[in-house]
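Q: One file: run-v3.txt (compact mmCIF, C-alpha atoms and all ligand atoms).
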# COMPACT_ATOMS: atom_id res chain seq x y z
CA MET W 250 0.00 0.00 0.00
CA SER W 251 1.40 3.48 -0.84
CA PHE W 252 1.83 6.09 1.87
CA ALA W 253 -0.87 8.14 0.17
CA ALA W 254 -3.23 5.22 0.87
CA VAL W 255 -1.98 4.22 4.29
CA ILE W 256 -2.01 7.70 5.89
CA PRO W 257 -5.83 7.97 5.65
CA ARG W 258 -6.01 4.54 7.34
CA ALA W 259 -3.89 5.84 10.22
CA VAL W 260 -6.09 8.95 10.46
CA GLU W 261 -9.22 6.81 10.54
CA ALA W 262 -7.76 4.51 13.22
CA LEU W 263 -6.69 7.52 15.33
CA GLN W 264 -10.20 8.99 15.08
CA GLN W 265 -11.59 5.76 16.48
CA VAL W 266 -9.01 5.68 19.30
CA LEU W 267 -9.68 9.33 20.21
CA ALA W 268 -13.34 8.50 20.84
CA MET W 269 -11.84 6.98 24.05
CA GLU W 270 -14.57 4.36 24.25
CA HIS W 271 -12.08 1.48 24.43
CA PRO W 272 -8.33 1.13 25.09
CA ALA W 273 -6.15 1.99 22.07
CA ASP W 274 -4.74 -1.53 21.66
CA ALA W 275 -8.26 -3.00 21.50
CA VAL W 276 -9.39 -0.38 18.95
CA LEU W 277 -6.33 -1.04 16.76
CA SER W 278 -6.78 -4.83 16.89
CA ARG W 279 -10.40 -4.41 15.82
CA TYR W 280 -9.38 -1.97 13.07
CA PHE W 281 -6.82 -4.43 11.66
CA ARG W 282 -9.34 -7.28 11.80
CA LYS W 283 -11.73 -5.15 9.73
CA HIS W 284 -9.00 -4.39 7.17
CA PRO W 285 -7.38 -7.78 6.54
CA ASN W 286 -5.91 -6.58 3.23
CA MET W 287 -3.36 -4.40 5.03
CA GLY W 288 0.17 -5.87 5.01
CA ALA W 289 2.53 -6.08 8.01
CA ARG W 290 4.38 -2.90 6.98
CA ASP W 291 1.15 -0.89 6.65
CA ARG W 292 -0.10 -2.11 10.02
CA ALA W 293 3.21 -1.21 11.63
CA PHE W 294 2.99 2.31 10.16
CA VAL W 295 -0.59 2.79 11.36
CA ALA W 296 0.18 1.46 14.85
CA GLU W 297 3.34 3.56 15.23
CA ALA W 298 1.71 6.73 13.90
CA VAL W 299 -1.34 6.31 16.16
CA TYR W 300 0.80 5.57 19.24
CA GLY W 301 3.14 8.43 18.32
CA ALA W 302 0.17 10.81 18.10
CA LEU W 303 -1.00 9.66 21.55
CA ARG W 304 2.46 9.79 23.14
CA HIS W 305 3.06 13.29 21.82
CA ALA W 306 -0.48 14.63 22.12
CA ARG W 307 0.50 17.60 24.27
CA PHE W 308 3.26 18.68 21.90
CA LEU W 309 0.91 18.30 18.94
CA ASP W 310 -1.78 20.34 20.73
CA ALA W 311 0.74 23.07 21.51
CA ALA W 312 1.84 23.05 17.86
CA GLY W 313 -1.75 23.52 16.65
CA ALA W 314 -2.54 20.05 15.30
CA VAL W 315 -6.22 20.86 14.92
CA ASN W 316 -7.36 17.57 13.38
CA PRO W 317 -6.40 13.85 13.41
CA ARG W 318 -4.68 14.11 10.00
CA LEU W 319 -2.27 16.76 11.28
CA ARG W 320 -1.70 14.63 14.39
CA ILE W 321 -0.71 11.62 12.28
CA LEU W 322 1.47 13.64 9.90
CA GLY W 323 3.06 15.56 12.78
CA ALA W 324 3.79 12.39 14.78
CA ALA W 325 5.28 10.61 11.74
CA PHE W 326 7.37 13.62 10.68
CA ARG W 327 8.61 14.96 14.01
CA PHE W 328 8.86 11.71 16.01
CA GLY W 329 8.59 8.79 13.57
CA GLY W 330 11.63 9.46 11.40
CA PHE W 331 9.63 10.12 8.19
CA ASN W 332 10.61 12.95 5.83
CA LEU W 333 8.33 15.19 3.78
CA ARG W 334 8.87 13.28 0.56
CA GLN W 335 7.84 10.00 2.20
CA LEU W 336 4.67 11.59 3.54
CA GLU W 337 3.54 12.83 0.09
CA PRO W 338 1.10 14.10 -0.87
CA VAL W 339 0.97 16.96 1.64
CA SER W 340 -0.62 20.21 0.54
CA GLY W 341 1.04 23.63 0.79
CA ALA W 342 -0.48 24.57 4.16
CA GLU W 343 0.21 21.13 5.70
CA ARG W 344 3.75 21.20 4.37
CA GLU W 345 4.35 24.62 5.89
CA TRP W 346 2.94 23.46 9.23
CA LEU W 347 5.15 20.36 9.24
CA VAL W 348 8.28 22.36 8.43
CA GLY W 349 7.40 24.75 11.27
CA LEU W 350 7.29 21.80 13.74
CA LYS W 351 11.05 21.51 13.63
CA ALA W 352 11.47 24.79 15.48
CA ILE W 353 8.96 24.09 18.28
CA GLY W 354 9.92 22.94 21.74
CA CYS W 355 13.59 22.30 21.18
CA GLY W 356 14.54 24.51 24.11
CA ASP W 357 12.62 25.08 27.33
CA ASN W 358 9.94 27.20 25.67
CA LEU W 359 7.10 24.78 26.38
CA PRO W 360 5.49 24.33 29.81
CA PRO W 361 6.98 21.38 31.75
CA ALA W 362 3.73 19.36 31.66
CA VAL W 363 3.81 19.61 27.85
CA ARG W 364 7.46 18.61 27.70
CA ALA W 365 6.70 15.67 30.00
CA GLU W 366 3.68 14.80 27.79
CA LEU W 367 1.46 14.44 30.84
CA PRO W 368 -1.96 15.88 31.68
CA ASP W 369 -1.68 18.81 34.10
CA TRP W 370 -3.12 16.92 37.10
CA LEU W 371 -0.62 14.08 36.67
CA TRP W 372 2.30 16.41 36.10
CA GLU W 373 1.45 18.34 39.28
CA ARG W 374 1.38 15.15 41.36
CA LEU W 375 4.62 13.79 39.93
CA ALA W 376 6.40 17.14 40.27
CA ALA W 377 5.23 17.43 43.92
CA ALA W 378 6.42 13.89 44.69
CA TYR W 379 9.69 13.72 42.75
CA GLY W 380 10.64 17.35 41.93
CA ASP W 381 10.48 18.98 38.49
CA GLU W 382 13.71 17.54 37.12
CA GLN W 383 12.91 13.95 38.04
CA ALA W 384 9.28 14.31 36.90
CA LEU W 385 10.53 15.55 33.51
CA ALA W 386 12.85 12.54 33.29
CA ILE W 387 9.94 10.22 34.13
CA GLY W 388 7.81 11.87 31.44
CA GLY W 389 10.71 11.60 28.96
CA GLY W 390 11.14 7.88 29.71
CA LEU W 391 7.47 7.28 28.95
CA GLN W 392 7.69 8.78 25.46
CA HIS W 393 9.69 5.90 23.99
CA PRO W 394 8.10 2.63 22.91
CA ALA W 395 8.69 -0.22 25.37
CA PRO W 396 10.99 -3.06 24.31
CA LEU W 397 9.71 -6.61 23.93
CA ASP W 398 10.74 -8.63 27.00
CA LEU W 399 10.35 -12.37 27.39
CA ARG W 400 10.48 -14.57 30.46
CA VAL W 401 12.03 -18.01 30.08
CA ASN W 402 10.05 -20.88 31.57
CA THR W 403 12.96 -22.56 33.33
CA LEU W 404 10.96 -25.78 33.69
CA ARG W 405 11.28 -26.06 29.90
CA ALA W 406 14.74 -24.59 29.16
CA SER W 407 17.55 -22.50 30.60
CA ARG W 408 17.88 -18.85 29.59
CA ASP W 409 21.09 -19.64 27.69
CA ALA W 410 19.36 -22.40 25.73
CA ALA W 411 16.42 -20.08 24.93
CA LEU W 412 18.79 -17.30 23.80
CA LYS W 413 20.57 -19.74 21.51
CA ALA W 414 17.33 -21.12 20.05
CA LEU W 415 15.96 -17.61 19.43
CA ALA W 416 19.21 -16.58 17.73
CA GLU W 417 18.89 -19.64 15.47
CA GLU W 418 15.39 -18.42 14.52
CA GLY W 419 16.98 -15.09 13.54
CA VAL W 420 15.66 -13.17 16.59
CA SER W 421 18.16 -10.65 17.85
CA CYS W 422 18.09 -10.63 21.66
CA ALA W 423 20.11 -10.38 24.87
CA PRO W 424 19.72 -11.21 28.58
CA THR W 425 17.87 -8.56 30.62
CA PRO W 426 20.04 -6.75 33.19
CA TYR W 427 18.09 -7.61 36.37
CA SER W 428 15.79 -10.59 35.92
CA PRO W 429 17.77 -13.83 35.77
CA VAL W 430 15.15 -15.35 33.45
CA GLY W 431 14.54 -12.32 31.21
CA ILE W 432 15.36 -11.82 27.53
CA ARG W 433 15.12 -8.47 25.75
CA VAL W 434 14.31 -8.73 22.06
CA ARG W 435 15.49 -6.13 19.55
CA GLY W 436 12.81 -4.83 17.25
CA LYS W 437 9.33 -6.34 17.21
CA PRO W 438 9.54 -9.78 15.59
CA PRO W 439 6.21 -11.70 15.66
CA ILE W 440 7.24 -13.76 18.68
CA ASN W 441 3.84 -15.46 18.88
CA ARG W 442 4.78 -17.35 15.70
CA SER W 443 7.96 -18.72 17.24
CA PRO W 444 8.02 -22.45 18.14
CA LEU W 445 9.57 -21.40 21.48
CA PHE W 446 6.46 -19.40 22.28
CA HIS W 447 4.10 -22.22 21.27
CA SER W 448 5.96 -24.80 23.32
CA GLY W 449 5.84 -22.58 26.41
CA VAL W 450 9.61 -21.98 26.60
CA VAL W 451 9.08 -18.20 26.56
CA GLU W 452 6.25 -15.90 27.63
CA VAL W 453 5.93 -12.18 26.92
CA GLN W 454 6.49 -10.29 30.22
CA ASP W 455 8.12 -6.99 31.05
CA GLU W 456 11.33 -7.36 33.05
CA GLY W 457 9.94 -5.22 35.89
CA SER W 458 6.94 -7.50 36.19
CA GLN W 459 9.29 -10.50 36.36
CA LEU W 460 11.02 -9.07 39.42
CA LEU W 461 7.81 -9.15 41.47
CA ALA W 462 7.76 -12.95 41.72
CA TYR W 463 11.23 -12.86 43.29
CA LEU W 464 9.84 -10.57 45.99
CA VAL W 465 7.08 -13.08 46.70
CA ALA W 466 9.81 -15.77 46.72
CA PRO W 467 7.49 -18.80 46.88
CA ARG W 468 8.97 -22.18 47.82
CA ARG W 469 8.09 -25.62 46.47
CA GLY W 470 4.96 -27.07 48.01
CA GLU W 471 3.66 -23.80 49.47
CA MET W 472 0.13 -22.35 49.26
CA VAL W 473 0.22 -19.08 47.31
CA VAL W 474 -2.47 -16.62 46.22
CA ASP W 475 -2.12 -14.24 43.29
CA PHE W 476 -5.03 -12.03 44.34
CA CYS W 477 -5.34 -9.91 41.19
CA ALA W 478 -4.05 -12.44 38.71
CA GLY W 479 -5.55 -10.97 35.53
CA ALA W 480 -4.11 -12.72 32.49
CA GLY W 481 -1.64 -14.43 34.81
CA GLY W 482 1.70 -12.88 33.85
CA LYS W 483 2.94 -13.14 37.42
CA THR W 484 0.93 -16.26 38.32
CA LEU W 485 2.84 -18.36 35.80
CA HIS W 486 6.18 -17.10 37.07
CA LEU W 487 5.18 -17.92 40.66
CA GLY W 488 4.12 -21.43 39.61
CA THR W 489 7.45 -21.92 37.84
CA LEU W 490 9.50 -20.75 40.84
CA MET W 491 7.61 -23.42 42.82
CA ARG W 492 8.64 -25.99 40.19
CA SER W 493 4.97 -26.84 39.61
CA GLU W 494 4.56 -28.08 43.21
CA GLY W 495 2.16 -26.76 45.86
CA ARG W 496 -0.74 -24.50 44.83
CA VAL W 497 -1.11 -21.06 43.26
CA TYR W 498 -4.67 -19.74 43.42
CA ALA W 499 -5.15 -17.17 40.65
CA PHE W 500 -8.02 -14.92 41.76
CA ASP W 501 -9.60 -12.14 39.72
CA VAL W 502 -13.00 -10.48 39.42
CA ALA W 503 -12.77 -10.39 35.61
CA ASP W 504 -13.67 -13.63 33.86
CA TRP W 505 -12.37 -12.40 30.51
CA ARG W 506 -8.94 -11.72 32.03
CA LEU W 507 -8.73 -15.17 33.62
CA ALA W 508 -9.78 -16.59 30.24
CA GLN W 509 -6.57 -15.12 28.79
CA LEU W 510 -4.59 -17.01 31.43
CA LYS W 511 -5.89 -20.42 30.27
CA PRO W 512 -3.93 -20.79 26.96
CA ARG W 513 -0.80 -19.42 28.64
CA LEU W 514 -1.21 -21.96 31.44
CA ARG W 515 -1.57 -24.78 28.91
CA ARG W 516 1.61 -23.74 27.10
CA SER W 517 3.53 -23.45 30.37
CA GLY W 518 2.92 -27.08 31.34
CA LEU W 519 2.33 -26.04 34.99
CA SER W 520 0.01 -28.22 37.05
CA ASN W 521 -0.05 -26.17 40.28
CA VAL W 522 -2.15 -23.16 39.11
CA TYR W 523 -5.86 -22.89 40.03
CA PRO W 524 -7.69 -19.96 38.34
CA GLN W 525 -10.73 -18.83 40.33
CA ARG W 526 -13.10 -15.99 39.51
CA ILE W 527 -14.25 -14.15 42.61
CA ASP W 528 -17.14 -11.70 43.02
CA SER W 529 -15.11 -9.28 45.11
CA GLU W 530 -12.28 -9.26 47.63
CA ASN W 531 -14.86 -10.38 50.21
CA ASP W 532 -15.99 -13.45 48.27
CA PRO W 533 -16.61 -16.49 50.55
CA ARG W 534 -14.08 -18.45 48.44
CA VAL W 535 -11.46 -15.95 49.59
CA LYS W 536 -12.59 -15.97 53.20
CA ARG W 537 -12.34 -19.76 53.36
CA LEU W 538 -8.56 -19.47 52.97
CA ALA W 539 -8.09 -17.05 55.90
CA GLY W 540 -4.83 -17.67 57.76
CA LYS W 541 -3.90 -20.62 55.49
CA ILE W 542 -1.71 -19.05 52.82
CA ASP W 543 2.10 -18.82 52.85
CA ARG W 544 2.44 -15.99 50.36
CA VAL W 545 0.01 -13.55 48.79
CA LEU W 546 0.67 -11.22 45.88
CA VAL W 547 -1.60 -8.21 45.40
CA ASP W 548 -0.87 -6.80 41.94
CA ALA W 549 -3.49 -4.15 42.54
CA PRO W 550 -5.70 -2.47 39.94
CA CYS W 551 -4.09 0.95 39.54
CA SER W 552 -3.82 4.03 37.34
CA GLY W 553 -1.22 2.25 35.19
CA THR W 554 0.90 5.40 34.91
CA GLY W 555 4.01 3.19 34.89
CA THR W 556 2.86 1.57 31.64
CA LEU W 557 2.31 4.71 29.56
CA ARG W 558 5.01 3.57 27.10
CA ARG W 559 2.66 0.75 26.12
CA ASN W 560 -0.69 2.41 26.83
CA PRO W 561 -0.24 6.13 26.10
CA ASP W 562 -4.01 6.65 25.94
CA LEU W 563 -4.24 5.78 29.67
CA LYS W 564 -3.10 9.28 30.60
CA TRP W 565 -6.31 10.60 29.06
CA ARG W 566 -8.45 7.81 30.46
CA GLN W 567 -7.35 8.40 34.06
CA SER W 568 -8.25 11.44 36.15
CA PRO W 569 -8.15 12.56 39.81
CA ALA W 570 -11.59 10.97 40.22
CA THR W 571 -10.52 7.55 38.87
CA VAL W 572 -7.40 7.63 41.07
CA ALA W 573 -9.52 8.42 44.14
CA ALA W 574 -11.74 5.41 43.39
CA LEU W 575 -8.72 3.17 42.78
CA LYS W 576 -7.22 4.12 46.16
CA ARG W 577 -10.33 2.86 47.93
CA THR W 578 -10.24 -0.43 45.99
CA GLN W 579 -6.52 -0.88 46.65
CA ALA W 580 -6.91 -0.42 50.41
CA ALA W 581 -9.88 -2.83 50.51
CA ILE W 582 -8.08 -5.52 48.48
CA LEU W 583 -4.92 -5.24 50.58
CA GLU W 584 -6.91 -5.59 53.77
CA ALA W 585 -8.78 -8.67 52.50
CA ALA W 586 -5.59 -10.23 51.09
CA ALA W 587 -3.73 -9.73 54.40
CA ARG W 588 -6.33 -11.89 56.18
CA LEU W 589 -5.22 -14.87 54.10
CA VAL W 590 -1.60 -14.75 55.25
CA LYS W 591 -0.42 -17.34 57.81
CA PRO W 592 1.64 -16.24 60.80
CA GLY W 593 5.21 -16.03 59.44
CA GLY W 594 3.88 -15.64 55.88
CA ARG W 595 4.38 -12.90 53.32
CA LEU W 596 2.23 -10.31 51.55
CA VAL W 597 3.53 -8.35 48.55
CA TYR W 598 1.67 -5.25 47.40
CA ALA W 599 2.51 -3.99 43.91
CA THR W 600 1.27 -1.45 41.37
CA CYS W 601 2.43 -0.20 38.01
CA SER W 602 1.87 3.39 39.14
CA PHE W 603 4.23 6.23 40.05
CA LEU W 604 1.66 7.94 42.25
CA GLN W 605 2.54 7.96 45.94
CA GLU W 606 -1.13 7.92 46.93
CA GLU W 607 -1.49 4.48 45.28
CA ASN W 608 1.78 3.23 46.74
CA ASP W 609 3.44 4.65 49.86
CA ALA W 610 0.20 6.05 51.30
CA ILE W 611 -1.58 2.68 50.96
CA ILE W 612 1.31 0.84 52.65
CA GLN W 613 1.70 3.39 55.42
CA ALA W 614 -2.02 3.29 56.28
CA PHE W 615 -1.99 -0.53 56.14
CA LEU W 616 0.99 -0.82 58.50
CA GLU W 617 -0.62 1.61 60.94
CA ARG W 618 -3.80 -0.47 60.97
CA THR W 619 -2.07 -3.87 60.94
CA PRO W 620 1.02 -3.88 63.16
CA THR W 621 1.44 -7.67 62.82
CA PHE W 622 3.01 -6.95 59.42
CA SER W 623 6.35 -5.23 58.88
CA LEU W 624 8.18 -3.98 55.82
CA VAL W 625 11.12 -6.09 54.60
CA PRO W 626 13.71 -4.27 52.43
CA ALA W 627 13.04 -5.27 48.82
CA ALA W 628 16.75 -5.08 47.94
CA GLN W 629 17.53 -7.73 50.55
CA VAL W 630 14.92 -10.13 49.15
CA LEU W 631 16.18 -9.57 45.59
CA ALA W 632 19.79 -10.08 46.72
CA ASP W 633 18.78 -13.53 48.07
CA HIS W 634 18.00 -14.38 44.42
CA GLY W 635 21.27 -12.94 43.16
CA ILE W 636 19.60 -9.77 41.85
CA ALA W 637 21.63 -6.62 42.65
CA LEU W 638 19.09 -3.80 42.64
CA ASP W 639 18.64 -1.40 45.53
CA THR W 640 15.90 1.21 45.11
CA GLY W 641 15.33 1.82 48.85
CA PRO W 642 13.01 -0.02 51.28
CA CYS W 643 10.46 -0.61 48.48
CA LEU W 644 11.06 -1.61 44.87
CA ARG W 645 10.62 1.41 42.59
CA LEU W 646 11.26 0.94 38.90
CA PHE W 647 11.32 3.70 36.28
CA PRO W 648 11.55 3.35 32.50
CA HIS W 649 14.22 6.07 32.23
CA LEU W 650 16.40 4.47 34.93
CA HIS W 651 15.78 0.73 34.63
CA GLY W 652 14.44 0.26 31.10
CA THR W 653 11.36 -1.51 32.55
CA ASP W 654 7.78 -0.36 32.99
CA GLY W 655 7.24 1.70 36.14
CA PHE W 656 6.56 -0.49 39.18
CA PHE W 657 6.21 -0.12 42.91
CA ALA W 658 6.32 -3.05 45.33
CA ALA W 659 6.40 -3.45 49.10
CA VAL W 660 7.25 -6.73 50.85
CA LEU W 661 5.27 -7.17 54.08
CA ASP W 662 6.03 -10.11 56.37
CA ARG W 663 3.59 -11.26 59.03
CA ALA W 664 5.05 -11.93 62.48
CA HIS W 665 5.05 -15.55 63.73
C1 LIG W 701 -2.74 -4.83 37.47
S1 LIG W 701 -3.97 -5.90 36.95
C2 LIG W 701 -3.25 -7.48 37.20
C3 LIG W 701 -2.26 -7.92 36.17
C4 LIG W 701 -1.81 -9.36 36.35
N1 LIG W 701 -1.34 -9.61 37.70
C5 LIG W 701 -0.73 -9.76 35.36
O1 LIG W 701 0.44 -9.88 35.74
O2 LIG W 701 -1.07 -9.97 34.19
C6 LIG W 701 -5.14 -5.79 38.25
C7 LIG W 701 -6.22 -6.85 38.22
O3 LIG W 701 -7.03 -6.71 39.39
C8 LIG W 701 -8.31 -7.19 39.07
N2 LIG W 701 -9.22 -6.73 40.13
C9 LIG W 701 -9.92 -5.57 40.22
N3 LIG W 701 -10.63 -5.54 41.37
C10 LIG W 701 -10.38 -6.70 42.03
C11 LIG W 701 -10.82 -7.25 43.26
N4 LIG W 701 -11.66 -6.60 44.05
N5 LIG W 701 -10.36 -8.47 43.62
C12 LIG W 701 -9.50 -9.16 42.81
N6 LIG W 701 -9.04 -8.68 41.62
C13 LIG W 701 -9.48 -7.46 41.24
C14 LIG W 701 -8.56 -6.64 37.67
O4 LIG W 701 -9.56 -7.39 37.00
C15 LIG W 701 -7.18 -6.79 37.04
O5 LIG W 701 -7.08 -8.00 36.33
Show me this structure written as structure tokens.
A:
Amino acid sequence: MSFAAVIPRAVEALQQVLAMEHPADAVLSRYFRKHPNMGARDRAFVAEAVYGALRHARFLDAAGAVNPRLRILGAAFRFGGFNLRQLEPVSGAEREWLVGLKAIGCGDNLPPAVRAELPDWLWERLAAAYGDEQALAIGGGLQHPAPLDLRVNTLRASRDAALKALAEEGVSCAPTPYSPVGIRVRGKPPINRSPLFHSGVVEVQDEGSQLLAYLVAPRRGEMVVDFCAGAGGKTLHLGTLMRSEGRVYAFDVADWRLAQLKPRLRRSGLSNVYPQRIDSENDPRVKRLAGKIDRVLVDAPCSGTGTLRRNPDLKWRQSPATVAALKRTQAAILEAAARLVKPGGRLVYATCSFLQEENDAIIQAFLERTPTFSLVPAAQVLADHGIALDTGPCLRLFPHLHGTDGFFAAVLDRAH
């Protein structure tokens, strides 16, 4: 398909995303399903241009991108590495506007929230928590696409063996710096077509997400609950660390998310994972396990601000009101999850948010209410697994510092 033909497709897809009725990735998948005649290169252009327009929405607003077509052209020209000739045909006025983009925002002449590409409310909270300089760096880190990370299922193969097999398939990749079972892939090869993916040797999982299972540190034969298991990214890693022995209950309120866990579970070969839909954190099926569980992970529903590299539309889907509601849910889930933990057991609370109100404030309030739990330094737990990463008493990961999604995690041990 020529650029002249594919640009209108990108504009149309962006229009649908900007309706904000569904997450951008779901809208794009549906769009591509409806246009099966588009080749891989055309899809890649549309996806990158749409994501570029979302990532750089504040810059494009400031530059006067008054319609979706200018947003697509501006994103492709200023941020996507396309030149004017490639973007033909552009009319006189559009051409002039695009040329003018080069001069905008190269110095400090744009407000910091625009440079950070964050909505004002989010910028204000990050700047108050981390200071302007750090908040700008966080915003900068979120403007680059995330790499493709894989986790090796060590019940199927070692990381070295998986690296070698991927290289033989022509996939360019390297070990991740922190996770001992992580692989970072260069580019975006269709990994779901790889035999290694189909045979459950590798799973797609961000390196930061991989580190959470090491904080839970489950042992063979233990009883473990992944309270907000979703599609089971962390559940499968927990089950693997337990070498498929003991039990991992994968709870979630969303059936459709647990349904996504099922094929992954089949590929993994694990036999110790028990998916269970619950009505709420107070479901009787949860209460029945009170005081019986060795380790509980709460990967809480959150604003997702740490994942804006992957989901740039989230910054427009979240607001102070949604964050306030999430805080109430997070506190309620943590409280219910804590009741499951045996004396001497462990509770790990995690989010993929940078907001202190979803992280530190939740933990502080919990510890005040529940003095039988105490905070264990995350760095110490990681060091026990040979992972050298010290971000203070809690784990705090940032894209611009660690190359992972943004994560927060607190390890809370219950007294004997
Ligand atoms: C951050 S996501 C979990 C991601 C998942 N752990 C993974 O690694 O793929 C949060 C999950 O919490 C679930 N959730 C929301 N409210 C809940 C509740 N009250 N009890 C249990 N799970 C809940 C959501 O459906 C969502 O799947």
Q: Can you tell me which residues surround W:Tyr498 at a distance of at most 6 Å, considering all atoms listed in the file, apart from same-chain residues fewer than 4 positions away, and format the answer as an MDAnalysis selection string?
A: chainID W and resid 474 523:524
Q: Just how far from atom CA of W:Ala478 is atom C8 of ligand LIG 701 (chain W), in Å to one decimal?
A: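 Between these atoms lies a distance of 6.8 Å.
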Q: Enumerate residues in contact with ligand LIG 701 (chain W): an atom-to-atom distance of at most 10 Å, counting only C-alpha atoms and all ligand atoms. Format the result as a PyMOL selection string.
A: chain W and resi 454-455+458-459+461-462+475-486+499-507+509-510+526-532+535+546-553+575+578-579+581-583+585-586+599-602
Q: Using all atoms listed in the file, which residues sit within 7 Å of W:Val625 once same-chain residues fewer than 3 positions away are excluded, as JSON, numbers by chain?
A: {"W": [660, 661, 662]}
Q: Which residue is closest to W:Val363? Choose from W:Gly388, W:Arg307, W:Leu404, W:Ile321 and count only C-alpha atoms.
A: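 Once distances to W:Val363 are computed over only C-alpha atoms, the minimum belongs to W:Arg307.
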Q: W:Tyr427: which residues within 9 Å, counting only C-alpha atoms, same-chain residues fewer than 6 positions away excluded, as a list in words?
A: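 Here the qualifying residues turn out to be Glu456, Gly457, Leu460, Ile636, Ala637, Leu638 and His651 of chain W.
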Q: Can you pull out every residue within 12 Å of W:Leu604, counting all atoms listed in the file, but drop anything in the same chain fewer than 2 positions away, and send it as number ranges by chain?
A: W: 370-379, 384, 387, 551-555, 569, 572-573, 575-576, 600-602, 606-611, 645, 655-657
Q: Restricting it to C-alpha atoms, dump the selection as a PDB file, in the coordinates of the input.
A:
ATOM      1  CA  TRP W 370      -3.120  16.920  37.100  1.00  0.00           C
ATOM      2  CA  LEU W 371      -0.620  14.080  36.670  1.00  0.00           C
ATOM      3  CA  TRP W 372       2.300  16.410  36.100  1.00  0.00           C
ATOM      4  CA  GLU W 373       1.450  18.340  39.280  1.00  0.00           C
ATOM      5  CA  ARG W 374       1.380  15.150  41.360  1.00  0.00           C
ATOM      6  CA  LEU W 375       4.620  13.790  39.930  1.00  0.00           C
ATOM      7  CA  ALA W 376       6.400  17.140  40.270  1.00  0.00           C
ATOM      8  CA  ALA W 377       5.230  17.430  43.920  1.00  0.00           C
ATOM      9  CA  ALA W 378       6.420  13.890  44.690  1.00  0.00           C
ATOM     10  CA  TYR W 379       9.690  13.720  42.750  1.00  0.00           C
ATOM     11  CA  ALA W 384       9.280  14.310  36.900  1.00  0.00           C
ATOM     12  CA  ILE W 387       9.940  10.220  34.130  1.00  0.00           C
ATOM     13  CA  CYS W 551      -4.090   0.950  39.540  1.00  0.00           C
ATOM     14  CA  SER W 552      -3.820   4.030  37.340  1.00  0.00           C
ATOM     15  CA  GLY W 553      -1.220   2.250  35.190  1.00  0.00           C
ATOM     16  CA  THR W 554       0.900   5.400  34.910  1.00  0.00           C
ATOM     17  CA  GLY W 555       4.010   3.190  34.890  1.00  0.00           C
ATOM     18  CA  PRO W 569      -8.150  12.560  39.810  1.00  0.00           C
ATOM     19  CA  VAL W 572      -7.400   7.630  41.070  1.00  0.00           C
ATOM     20  CA  ALA W 573      -9.520   8.420  44.140  1.00  0.00           C
ATOM     21  CA  LEU W 575      -8.720   3.170  42.780  1.00  0.00           C
ATOM     22  CA  LYS W 576      -7.220   4.120  46.160  1.00  0.00           C
ATOM     23  CA  THR W 600       1.270  -1.450  41.370  1.00  0.00           C
ATOM     24  CA  CYS W 601       2.430  -0.200  38.010  1.00  0.00           C
ATOM     25  CA  SER W 602       1.870   3.390  39.140  1.00  0.00           C
ATOM     26  CA  GLU W 606      -1.130   7.920  46.930  1.00  0.00           C
ATOM     27  CA  GLU W 607      -1.490   4.480  45.280  1.00  0.00           C
ATOM     28  CA  ASN W 608       1.780   3.230  46.740  1.00  0.00           C
ATOM     29  CA  ASP W 609       3.440   4.650  49.860  1.00  0.00           C
ATOM     30  CA  ALA W 610       0.200   6.050  51.300  1.00  0.00           C
ATOM     31  CA  ILE W 611      -1.580   2.680  50.960  1.00  0.00           C
ATOM     32  CA  ARG W 645      10.620   1.410  42.590  1.00  0.00           C
ATOM     33  CA  GLY W 655       7.240   1.700  36.140  1.00  0.00           C
ATOM     34  CA  PHE W 656       6.560  -0.490  39.180  1.00  0.00           C
ATOM     35  CA  PHE W 657       6.210  -0.120  42.910  1.00  0.00           C
TER      36      PHE W 657
END
Q: Name the closest residue to W:Arg468 among the candidates W:Val590, W:Ala273, W:Leu397, W:Val497; distances are taken between atoms, counting all atoms listed in the file.
A: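 Closest to W:Arg468 of all the choices is W:Val497.
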Q: May I have the residues within 7 Å of W:Arg469 as a PyMOL selection string, using all atoms listed in the file and disregarding those fewer than 5 positions away in the same chain?
A: chain W and resi 491-492+494-495
Q: Keeping C-alpha atoms, export the residues of the selection given above as an mmCIF file, in the coordinates of the input.
A:
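Listed below is the output, out.cif:
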data_model
loop_
_atom_site.group_PDB
_atom_site.id
_atom_site.type_symbol
_atom_site.label_atom_id
_atom_site.label_comp_id
_atom_site.auth_asym_id
_atom_site.auth_seq_id
_atom_site.Cartn_x
_atom_site.Cartn_y
_atom_site.Cartn_z
ATOM 1 C CA MET W 491 7.610 -23.420 42.820
ATOM 2 C CA ARG W 492 8.640 -25.990 40.190
ATOM 3 C CA GLU W 494 4.560 -28.080 43.210
ATOM 4 C CA GLY W 495 2.160 -26.760 45.860
#
Q: Figure out the distance between atom CA of W:Gly436 and atom CA of W:Ala306, please, to one decimal in Å.
A: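 Those two atoms sit 24.1 Å apart.
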Q: Report the distance between atom CA of W:Leu514 and atom CA of W:Pro426 in Å, rounded to one decimal place.
A: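 If I compute the distance from atom CA of W:Leu514 to atom CA of W:Pro426, I get 26.2 Å.
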Q: Which residue gives the smallest distance to W:Gly301 among W:Ile353, W:Leu385, W:Thr403, W:Asn560, with all atoms listed in the file counted?
A: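 Looking only at the distances to W:Gly301, the closest residue turns out to be W:Asn560.
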Q: Pick the closest to W:His447 from W:Ile612, W:Gly380, W:Leu563, W:Gly518: which is it, counting only C-alpha atoms?
A: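 Using only C-alpha atoms, the shortest distance to W:His447 belongs to W:Gly518.
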